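Visitor: Got a file for you: model-v2.pdb, PDB, C-alpha atoms and all ligand atoms.
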ATOM      1  CA  MET A 237      15.053  19.521  -0.715  1.00  0.00           C
ATOM      2  CA  PRO A 238      14.522  18.330   2.856  1.00  0.00           C
ATOM      3  CA  GLU A 239      12.274  15.318   3.338  1.00  0.00           C
ATOM      4  CA  THR A 240       9.739  17.186   5.447  1.00  0.00           C
ATOM      5  CA  ALA A 241       6.090  18.100   5.090  1.00  0.00           C
ATOM      6  CA  SER A 242       7.075  20.161   2.036  1.00  0.00           C
ATOM      7  CA  ASN A 243       7.953  17.052   0.055  1.00  0.00           C
ATOM      8  CA  LEU A 244       4.382  15.777   0.237  1.00  0.00           C
ATOM      9  CA  ILE A 245       2.172  16.239  -2.771  1.00  0.00           C
ATOM     10  CA  SER A 246      -1.496  15.864  -1.897  1.00  0.00           C
ATOM     11  CA  PRO A 247      -4.630  17.737  -1.009  1.00  0.00           C
ATOM     12  CA  PRO A 248      -4.568  18.976   2.592  1.00  0.00           C
ATOM     13  CA  LEU A 249      -5.442  16.475   5.273  1.00  0.00           C
ATOM     14  CA  PRO A 250      -7.532  17.916   8.119  1.00  0.00           C
ATOM     15  CA  ASP A 251      -5.699  18.385  11.426  1.00  0.00           C
ATOM     16  CA  PRO A 252      -6.586  16.412  13.466  1.00  0.00           C
ATOM     17  CA  TRP A 253      -7.142  13.643  10.958  1.00  0.00           C
ATOM     18  CA  PRO A 254     -10.800  12.855  10.223  1.00  0.00           C
ATOM     19  CA  ARG A 255     -12.900  10.548  12.374  1.00  0.00           C
ATOM     20  CA  PHE A 256     -14.973   8.066  10.402  1.00  0.00           C
ATOM     21  CA  ALA A 257     -18.174   6.500  11.624  1.00  0.00           C
ATOM     22  CA  PRO A 258     -17.668   3.598  11.746  1.00  0.00           C
ATOM     23  CA  PRO A 259     -13.849   3.412  11.621  1.00  0.00           C
ATOM     24  CA  LEU A 260     -12.507   2.358   8.226  1.00  0.00           C
ATOM     25  CA  LYS A 261     -12.349  -1.407   7.933  1.00  0.00           C
ATOM     26  CA  LEU A 262      -9.119  -2.337   6.186  1.00  0.00           C
ATOM     27  CA  GLY A 263      -8.065  -5.549   4.504  1.00  0.00           C
ATOM     28  CA  VAL A 264      -4.319  -5.426   3.876  1.00  0.00           C
ATOM     29  CA  MET A 265      -2.719  -7.504   1.105  1.00  0.00           C
ATOM     30  CA  ALA A 266       1.030  -8.076   1.324  1.00  0.00           C
ATOM     31  CA  SER A 267       3.672 -10.355  -0.168  1.00  0.00           C
ATOM     32  CA  GLY A 268       6.839  -9.259   1.590  1.00  0.00           C
ATOM     33  CA  ASN A 269       8.261  -7.692   4.660  1.00  0.00           C
ATOM     34  CA  GLY A 270       5.149  -5.840   5.821  1.00  0.00           C
ATOM     35  CA  SER A 271       6.724  -2.576   6.947  1.00  0.00           C
ATOM     36  CA  ASN A 272       3.843  -0.612   5.405  1.00  0.00           C
ATOM     37  CA  LEU A 273       1.354  -2.778   7.287  1.00  0.00           C
ATOM     38  CA  GLU A 274       3.172  -1.903  10.487  1.00  0.00           C
ATOM     39  CA  ALA A 275       3.207   1.815   9.658  1.00  0.00           C
ATOM     40  CA  ILE A 276      -0.550   1.689   9.092  1.00  0.00           C
ATOM     41  CA  ALA A 277      -1.082  -0.224  12.346  1.00  0.00           C
ATOM     42  CA  GLN A 278       1.038   2.345  14.199  1.00  0.00           C
ATOM     43  CA  ALA A 279      -0.948   5.240  12.722  1.00  0.00           C
ATOM     44  CA  ILE A 280      -4.105   3.526  13.959  1.00  0.00           C
ATOM     45  CA  ASP A 281      -2.603   2.967  17.417  1.00  0.00           C
ATOM     46  CA  ARG A 282      -1.519   6.612  17.631  1.00  0.00           C
ATOM     47  CA  GLY A 283      -5.109   7.618  16.936  1.00  0.00           C
ATOM     48  CA  ASP A 284      -4.202   9.340  13.663  1.00  0.00           C
ATOM     49  CA  LEU A 285      -5.855   6.943  11.220  1.00  0.00           C
ATOM     50  CA  HIS A 286      -9.377   6.112  12.386  1.00  0.00           C
ATOM     51  CA  ALA A 287      -9.455   2.542  11.119  1.00  0.00           C
ATOM     52  CA  GLN A 288      -9.136  -1.126  12.018  1.00  0.00           C
ATOM     53  CA  VAL A 289      -7.151  -3.821  10.236  1.00  0.00           C
ATOM     54  CA  GLN A 290      -9.767  -6.542   9.841  1.00  0.00           C
ATOM     55  CA  ILE A 291      -7.496  -9.041   8.092  1.00  0.00           C
ATOM     56  CA  VAL A 292      -4.082  -9.378   6.477  1.00  0.00           C
ATOM     57  CA  VAL A 293      -3.937 -11.547   3.350  1.00  0.00           C
ATOM     58  CA  TYR A 294      -0.515 -12.742   2.212  1.00  0.00           C
ATOM     59  CA  ASN A 295       0.421 -15.027  -0.661  1.00  0.00           C
ATOM     60  CA  ASN A 296       3.927 -16.163   0.138  1.00  0.00           C
ATOM     61  CA  PRO A 297       4.389 -18.629   3.008  1.00  0.00           C
ATOM     62  CA  LYS A 298       7.824 -17.163   3.759  1.00  0.00           C
ATOM     63  CA  ALA A 299       6.718 -13.520   3.776  1.00  0.00           C
ATOM     64  CA  GLY A 300       7.936 -11.552   6.793  1.00  0.00           C
ATOM     65  CA  VAL A 301       4.531  -9.916   6.966  1.00  0.00           C
ATOM     66  CA  ALA A 302       3.116 -13.086   8.587  1.00  0.00           C
ATOM     67  CA  GLU A 303       5.398 -12.785  11.604  1.00  0.00           C
ATOM     68  CA  ARG A 304       4.804  -9.053  11.755  1.00  0.00           C
ATOM     69  CA  ALA A 305       1.031  -9.499  11.769  1.00  0.00           C
ATOM     70  CA  LEU A 306       1.356 -12.025  14.582  1.00  0.00           C
ATOM     71  CA  ARG A 307       3.484  -9.599  16.625  1.00  0.00           C
ATOM     72  CA  LEU A 308       0.974  -6.811  15.999  1.00  0.00           C
ATOM     73  CA  GLY A 309      -1.916  -9.052  17.026  1.00  0.00           C
ATOM     74  CA  LEU A 310      -3.532  -8.832  13.595  1.00  0.00           C
ATOM     75  CA  PRO A 311      -5.335 -11.792  12.001  1.00  0.00           C
ATOM     76  CA  ALA A 312      -3.603 -13.068   8.872  1.00  0.00           C
ATOM     77  CA  VAL A 313      -4.566 -15.579   6.199  1.00  0.00           C
ATOM     78  CA  LEU A 314      -2.213 -17.240   3.725  1.00  0.00           C
ATOM     79  CA  LEU A 315      -3.642 -17.593   0.221  1.00  0.00           C
ATOM     80  CA  ASN A 316      -0.754 -19.117  -1.675  1.00  0.00           C
ATOM     81  CA  HIS A 317      -0.975 -18.072  -5.317  1.00  0.00           C
ATOM     82  CA  ARG A 318       0.823 -21.252  -6.381  1.00  0.00           C
ATOM     83  CA  GLN A 319      -2.221 -23.251  -5.384  1.00  0.00           C
ATOM     84  CA  TYR A 320      -4.570 -21.431  -7.766  1.00  0.00           C
ATOM     85  CA  PRO A 321      -5.040 -22.181 -11.462  1.00  0.00           C
ATOM     86  CA  SER A 322      -5.497 -18.520 -12.422  1.00  0.00           C
ATOM     87  CA  ARG A 323      -5.260 -14.958 -11.142  1.00  0.00           C
ATOM     88  CA  GLU A 324      -9.058 -14.793 -11.137  1.00  0.00           C
ATOM     89  CA  THR A 325      -9.511 -17.803  -8.866  1.00  0.00           C
ATOM     90  CA  LEU A 326      -6.964 -16.382  -6.426  1.00  0.00           C
ATOM     91  CA  ASP A 327      -8.730 -13.019  -6.469  1.00  0.00           C
ATOM     92  CA  LYS A 328     -12.095 -14.705  -5.903  1.00  0.00           C
ATOM     93  CA  ASP A 329     -10.750 -16.293  -2.730  1.00  0.00           C
ATOM     94  CA  ILE A 330      -9.216 -12.993  -1.667  1.00  0.00           C
ATOM     95  CA  VAL A 331     -12.565 -11.230  -2.124  1.00  0.00           C
ATOM     96  CA  GLU A 332     -14.350 -13.922  -0.121  1.00  0.00           C
ATOM     97  CA  THR A 333     -11.764 -13.676   2.649  1.00  0.00           C
ATOM     98  CA  LEU A 334     -11.942  -9.879   2.769  1.00  0.00           C
ATOM     99  CA  HIS A 335     -15.744  -9.971   2.851  1.00  0.00           C
ATOM    100  CA  ALA A 336     -15.776 -12.680   5.527  1.00  0.00           C
ATOM    101  CA  HIS A 337     -13.646 -10.460   7.754  1.00  0.00           C
ATOM    102  CA  GLY A 338     -15.693  -7.340   7.131  1.00  0.00           C
ATOM    103  CA  ALA A 339     -13.094  -5.378   5.175  1.00  0.00           C
ATOM    104  CA  ASP A 340     -14.384  -2.419   3.148  1.00  0.00           C
ATOM    105  CA  TRP A 341     -11.048  -0.987   1.972  1.00  0.00           C
ATOM    106  CA  VAL A 342      -8.391  -3.056   0.224  1.00  0.00           C
ATOM    107  CA  ILE A 343      -4.895  -1.854   1.019  1.00  0.00           C
ATOM    108  CA  MET A 344      -2.236  -3.375  -1.217  1.00  0.00           C
ATOM    109  CA  ALA A 345       1.008  -3.007   0.697  1.00  0.00           C
ATOM    110  CA  GLY A 346       3.706  -4.711  -1.309  1.00  0.00           C
ATOM    111  CA  TRP A 347       1.329  -7.150  -3.022  1.00  0.00           C
ATOM    112  CA  MET A 348       3.486  -8.584  -5.781  1.00  0.00           C
ATOM    113  CA  ARG A 349       0.729 -10.115  -7.925  1.00  0.00           C
ATOM    114  CA  CYS A 350      -1.275  -8.500 -10.715  1.00  0.00           C
ATOM    115  CA  VAL A 351      -4.869  -8.146  -9.582  1.00  0.00           C
ATOM    116  CA  THR A 352      -7.893  -8.710 -11.808  1.00  0.00           C
ATOM    117  CA  ALA A 353     -11.329  -7.209 -12.263  1.00  0.00           C
ATOM    118  CA  VAL A 354     -12.615  -9.853  -9.843  1.00  0.00           C
ATOM    119  CA  LEU A 355     -10.988  -7.948  -6.990  1.00  0.00           C
ATOM    120  CA  ILE A 356     -11.260  -4.410  -8.341  1.00  0.00           C
ATOM    121  CA  ASP A 357     -14.960  -4.705  -9.161  1.00  0.00           C
ATOM    122  CA  ALA A 358     -15.760  -6.167  -5.738  1.00  0.00           C
ATOM    123  CA  PHE A 359     -14.512  -2.998  -3.982  1.00  0.00           C
ATOM    124  CA  PRO A 360     -15.272  -0.083  -6.343  1.00  0.00           C
ATOM    125  CA  GLN A 361     -12.982   2.906  -5.692  1.00  0.00           C
ATOM    126  CA  GLN A 362     -11.763   1.237  -2.516  1.00  0.00           C
ATOM    127  CA  VAL A 363      -8.643  -0.609  -3.637  1.00  0.00           C
ATOM    128  CA  LEU A 364      -5.403   1.290  -2.974  1.00  0.00           C
ATOM    129  CA  ASN A 365      -1.766   0.533  -3.781  1.00  0.00           C
ATOM    130  CA  ILE A 366       1.604   1.991  -2.898  1.00  0.00           C
ATOM    131  CA  HIS A 367       4.433   2.078  -5.422  1.00  0.00           C
ATOM    132  CA  PRO A 368       8.052   3.202  -4.897  1.00  0.00           C
ATOM    133  CA  SER A 369       8.205   5.798  -7.676  1.00  0.00           C
ATOM    134  CA  LEU A 370       6.590   9.048  -8.687  1.00  0.00           C
ATOM    135  CA  LEU A 371       3.986   7.516 -10.968  1.00  0.00           C
ATOM    136  CA  PRO A 372       3.414   7.577 -13.877  1.00  0.00           C
ATOM    137  CA  SER A 373       7.211   7.294 -14.060  1.00  0.00           C
ATOM    138  CA  PHE A 374       8.700   3.861 -13.495  1.00  0.00           C
ATOM    139  CA  PRO A 375       5.745   1.527 -13.057  1.00  0.00           C
ATOM    140  CA  GLY A 376       6.293  -2.194 -12.618  1.00  0.00           C
ATOM    141  CA  LEU A 377       9.104  -4.121 -11.012  1.00  0.00           C
ATOM    142  CA  ARG A 378      12.356  -2.631  -9.711  1.00  0.00           C
ATOM    143  CA  ALA A 379      11.081   0.943  -9.769  1.00  0.00           C
ATOM    144  CA  VAL A 380      13.956   2.224  -7.642  1.00  0.00           C
ATOM    145  CA  GLU A 381      16.531   0.660  -9.962  1.00  0.00           C
ATOM    146  CA  GLN A 382      14.655   2.097 -12.943  1.00  0.00           C
ATOM    147  CA  ALA A 383      14.885   5.608 -11.461  1.00  0.00           C
ATOM    148  CA  LEU A 384      18.612   5.280 -10.775  1.00  0.00           C
ATOM    149  CA  ALA A 385      19.260   3.916 -14.257  1.00  0.00           C
ATOM    150  CA  ALA A 386      17.335   6.795 -15.823  1.00  0.00           C
ATOM    151  CA  GLY A 387      19.503   9.320 -14.005  1.00  0.00           C
ATOM    152  CA  VAL A 388      16.584  11.325 -12.639  1.00  0.00           C
ATOM    153  CA  LYS A 389      17.290  13.648  -9.717  1.00  0.00           C
ATOM    154  CA  VAL A 390      14.172  12.961  -7.693  1.00  0.00           C
ATOM    155  CA  ALA A 391      12.466   9.723  -6.836  1.00  0.00           C
ATOM    156  CA  GLY A 392       9.605   9.085  -4.458  1.00  0.00           C
ATOM    157  CA  CYS A 393       6.512   7.068  -3.788  1.00  0.00           C
ATOM    158  CA  THR A 394       2.867   7.140  -4.773  1.00  0.00           C
ATOM    159  CA  VAL A 395      -0.400   5.938  -3.261  1.00  0.00           C
ATOM    160  CA  HIS A 396      -3.056   5.502  -5.919  1.00  0.00           C
ATOM    161  CA  HIS A 397      -6.402   3.926  -6.629  1.00  0.00           C
ATOM    162  CA  VAL A 398      -5.979   0.597  -8.383  1.00  0.00           C
ATOM    163  CA  GLU A 399      -7.067   0.062 -11.972  1.00  0.00           C
ATOM    164  CA  LEU A 400      -6.426  -2.935 -14.192  1.00  0.00           C
ATOM    165  CA  ALA A 401      -3.178  -1.750 -15.768  1.00  0.00           C
ATOM    166  CA  VAL A 402      -0.274  -2.277 -13.381  1.00  0.00           C
ATOM    167  CA  ASP A 403       0.537   0.772 -11.223  1.00  0.00           C
ATOM    168  CA  SER A 404      -2.097   2.918 -12.900  1.00  0.00           C
ATOM    169  CA  GLY A 405      -5.115   4.711 -11.477  1.00  0.00           C
ATOM    170  CA  PRO A 406      -5.811   8.100  -9.920  1.00  0.00           C
ATOM    171  CA  VAL A 407      -3.069   9.350  -7.628  1.00  0.00           C
ATOM    172  CA  ILE A 408      -4.020  10.146  -4.029  1.00  0.00           C
ATOM    173  CA  MET A 409      -0.707  11.210  -2.530  1.00  0.00           C
ATOM    174  CA  GLN A 410       2.966  11.321  -3.419  1.00  0.00           C
ATOM    175  CA  ALA A 411       6.187  12.097  -1.569  1.00  0.00           C
ATOM    176  CA  VAL A 412       9.337  13.305  -3.275  1.00  0.00           C
ATOM    177  CA  VAL A 413      12.707  11.836  -2.309  1.00  0.00           C
ATOM    178  CA  PRO A 414      15.803  13.540  -3.739  1.00  0.00           C
ATOM    179  CA  ILE A 415      18.419  11.211  -5.208  1.00  0.00           C
ATOM    180  CA  LYS A 416      21.827  11.788  -3.640  1.00  0.00           C
ATOM    181  CA  PRO A 417      25.221  11.284  -5.306  1.00  0.00           C
ATOM    182  CA  GLY A 418      26.359   7.728  -4.614  1.00  0.00           C
ATOM    183  CA  ASP A 419      22.857   6.427  -3.933  1.00  0.00           C
ATOM    184  CA  THR A 420      22.439   2.710  -4.476  1.00  0.00           C
ATOM    185  CA  PRO A 421      19.130   0.875  -4.831  1.00  0.00           C
ATOM    186  CA  THR A 422      19.452  -0.046  -1.148  1.00  0.00           C
ATOM    187  CA  THR A 423      20.081   3.456   0.187  1.00  0.00           C
ATOM    188  CA  LEU A 424      17.469   5.081  -2.000  1.00  0.00           C
ATOM    189  CA  GLN A 425      14.898   2.370  -1.282  1.00  0.00           C
ATOM    190  CA  ALA A 426      15.404   2.897   2.458  1.00  0.00           C
ATOM    191  CA  ARG A 427      14.663   6.630   2.208  1.00  0.00           C
ATOM    192  CA  ILE A 428      11.677   5.988  -0.043  1.00  0.00           C
ATOM    193  CA  GLN A 429      10.289   3.502   2.459  1.00  0.00           C
ATOM    194  CA  GLN A 430      10.476   6.104   5.243  1.00  0.00           C
ATOM    195  CA  GLN A 431       8.245   8.269   3.092  1.00  0.00           C
ATOM    196  CA  GLU A 432       5.935   5.378   2.256  1.00  0.00           C
ATOM    197  CA  HIS A 433       5.333   4.891   5.952  1.00  0.00           C
ATOM    198  CA  ARG A 434       4.366   8.565   6.278  1.00  0.00           C
ATOM    199  CA  ILE A 435       2.068   8.779   3.296  1.00  0.00           C
ATOM    200  CA  TYR A 436       0.183   5.496   3.247  1.00  0.00           C
ATOM    201  CA  PRO A 437      -1.850   6.090   6.428  1.00  0.00           C
ATOM    202  CA  ALA A 438      -2.549   9.676   5.392  1.00  0.00           C
ATOM    203  CA  ALA A 439      -3.529   8.645   1.873  1.00  0.00           C
ATOM    204  CA  ILE A 440      -6.001   6.101   3.234  1.00  0.00           C
ATOM    205  CA  ALA A 441      -7.681   8.889   5.194  1.00  0.00           C
ATOM    206  CA  LEU A 442      -7.671  11.136   2.133  1.00  0.00           C
ATOM    207  CA  ALA A 443      -9.159   8.412  -0.048  1.00  0.00           C
ATOM    208  CA  ALA A 444     -11.914   7.855   2.495  1.00  0.00           C
ATOM    209  CA  LEU A 445     -12.660  11.580   2.289  1.00  0.00           C
ATOM    210  CA  GLY A 446     -13.098  11.088  -1.449  1.00  0.00           C
ATOM    211  CA  HIS A 447      -9.887  12.777  -2.555  1.00  0.00           C
ATOM    212  CA  THR A 448      -7.655  12.197  -5.465  1.00  0.00           C
ATOM    213  CA  SER A 449      -5.018  14.767  -6.315  1.00  0.00           C
TER     214      SER A 449
HETATM  215  C1  LIG B 501       7.102  -1.064  -0.915  1.00  0.00           C
HETATM  216  O1  LIG B 501       8.293  -0.473  -1.301  1.00  0.00           O
HETATM  217  C2  LIG B 501       5.991  -0.750  -1.872  1.00  0.00           C
HETATM  218  O2  LIG B 501       6.153   0.477  -2.494  1.00  0.00           O
HETATM  219  C3  LIG B 501       6.109  -1.864  -2.883  1.00  0.00           C
HETATM  220  O3  LIG B 501       6.465  -2.986  -2.128  1.00  0.00           O
HETATM  221  C4  LIG B 501       7.184  -2.580  -0.980  1.00  0.00           C
HETATM  222  C5  LIG B 501       6.568  -3.230   0.220  1.00  0.00           C
HETATM  223  O4  LIG B 501       7.337  -3.066   1.383  1.00  0.00           O
HETATM  224  N1  LIG B 501       4.864  -1.997  -3.597  1.00  0.00           N
HETATM  225  P1  LIG B 501       6.838  -3.649   2.768  1.00  0.00           P
HETATM  226  O5  LIG B 501       6.552  -5.130   2.570  1.00  0.00           O
HETATM  227  O6  LIG B 501       5.620  -2.902   3.185  1.00  0.00           O
HETATM  228  O7  LIG B 501       7.978  -3.447   3.719  1.00  0.00           O
END
Could you write out this file's structure as structure tokens?

Guide:
Amino acid sequence: MPETASNLISPPLPDPWPRFAPPLKLGVMASGNGSNLEAIAQAIDRGDLHAQVQIVVYNNPKAGVAERALRLGLPAVLLNHRQYPSRETLDKDIVETLHAHGADWVIMAGWMRCVTAVLIDAFPQQVLNIHPSLLPSFPGLRAVEQALAAGVKVAGCTVHHVELAVDSGPVIMQAVVPIKPGDTPTTLQARIQQQEHRIYPAAIALAALGHTS
């Protein structure tokens, strides 16, 4: 199966993509490299995704996303989870930071912490996550390795609304990525990430239109 438009599983997205009034105000949460943040920023710059990144919140001082945000000219705030006594107190600070910067949509892009009701309840139906598997298969850590170990023939990625259980919640969009003979976690992860970068901006627009699949 070629990795083209036909591998996308979602309701149709209008062409051109929808304009929102005002543009969607995004708060992006990331713990790692930040390639999904950059894909979202590029979709905004192209004029596809009608949105603004109001703030990037990251939790790991060494995360590559910090440098990426700087290069993209996006404001970023470090909230180091190690300095909080509980998940709830971290989430409270995240909520305050997102509100202070005017974010309406919470975009978890490689956020490697479990979130609590403190965050989810502050942004009802407006917290999204991306996960490198075809949920509900292979939730949790090392999803790509899980898929390879299970011997499945297709992998992929999912953008979904966030609920309390890890990697659960209504699916907005998925992309299928065939597993090739000889694939390693690295090779498969790289092809899945290409698809993540396609679907996350589109799924944000779909979510703002009120869609789940
Ligand atoms: C992605 O593979 C995403 O599915 C997972 O974390 C990774 C983040 O990658 N939740 P990046 O930091 O956006 O490059």

Visitor: Compile the contact shell of region 349-354 of chain A as a PyMOL selection string: residues with an atom at most 7 Å away, counting all atoms listed in the file, same-chain residues fewer than 5 positions apart removed.

Guide: chain A and resi 323-324+327-328+400+402

Visitor: Specify as JSON, numbers by chain each residue included when the PyMOL selection byres (((not hetatm)) within 9 of (chain B and resi 501)) is applied to this file.

Guide: {"A": [266, 267, 268, 269, 270, 271, 272, 273, 274, 275, 299, 300, 301, 344, 345, 346, 347, 348, 365, 366, 367, 368, 369, 377, 379, 380, 393, 394, 395, 425, 426, 428, 429, 432, 433]}

Visitor: Starting from the point (-2.5, 19.9, 1.3), work out which residues of protein, DNA or RNA have an atom no more than 12 Å away when counting all atoms listed in the file; state them as a compact mmCIF listing (two decimals) with C-alpha atoms, in the coordinates of the input.

Guide:
# COMPACT_ATOMS: atom_id res chain seq x y z
CA ALA A 241 6.09 18.10 5.09
CA SER A 242 7.08 20.16 2.04
CA ASN A 243 7.95 17.05 0.06
CA LEU A 244 4.38 15.78 0.24
CA ILE A 245 2.17 16.24 -2.77
CA SER A 246 -1.50 15.86 -1.90
CA PRO A 247 -4.63 17.74 -1.01
CA PRO A 248 -4.57 18.98 2.59
CA LEU A 249 -5.44 16.48 5.27
CA PRO A 250 -7.53 17.92 8.12
CA ASP A 251 -5.70 18.39 11.43
CA ILE A 408 -4.02 10.15 -4.03
CA MET A 409 -0.71 11.21 -2.53
CA GLN A 410 2.97 11.32 -3.42
CA ALA A 438 -2.55 9.68 5.39
CA ALA A 439 -3.53 8.64 1.87
CA LEU A 442 -7.67 11.14 2.13
CA HIS A 447 -9.89 12.78 -2.56
CA THR A 448 -7.66 12.20 -5.46
CA SER A 449 -5.02 14.77 -6.32

Visitor: Name all residues at most 8 Å from region 314-321 of chain A (count all atoms listed in the file; drop same-chain ones fewer than 5 positions away) and give them as a PyMOL selection string.

Guide: chain A and resi 293-297+326+329-330

Visitor: Could you please determine the separation between CA of Gln290 (chain A) and CA of Ser322 (chain A) in Å, to one decimal place?

Guide: 25.6 Å

Visitor: Please, what distance in Å, to one decimal, runs between CA of Leu371 (chain A) and CA of Pro252 (chain A)?

Guide: 28.1 Å

Visitor: Restricting the calculation to all atoms listed in the file: of A:Val264, A:Val388, A:Ile440, A:Ile435, which residue gets closest to Pro417 (chain A)?

Guide: A:Val388
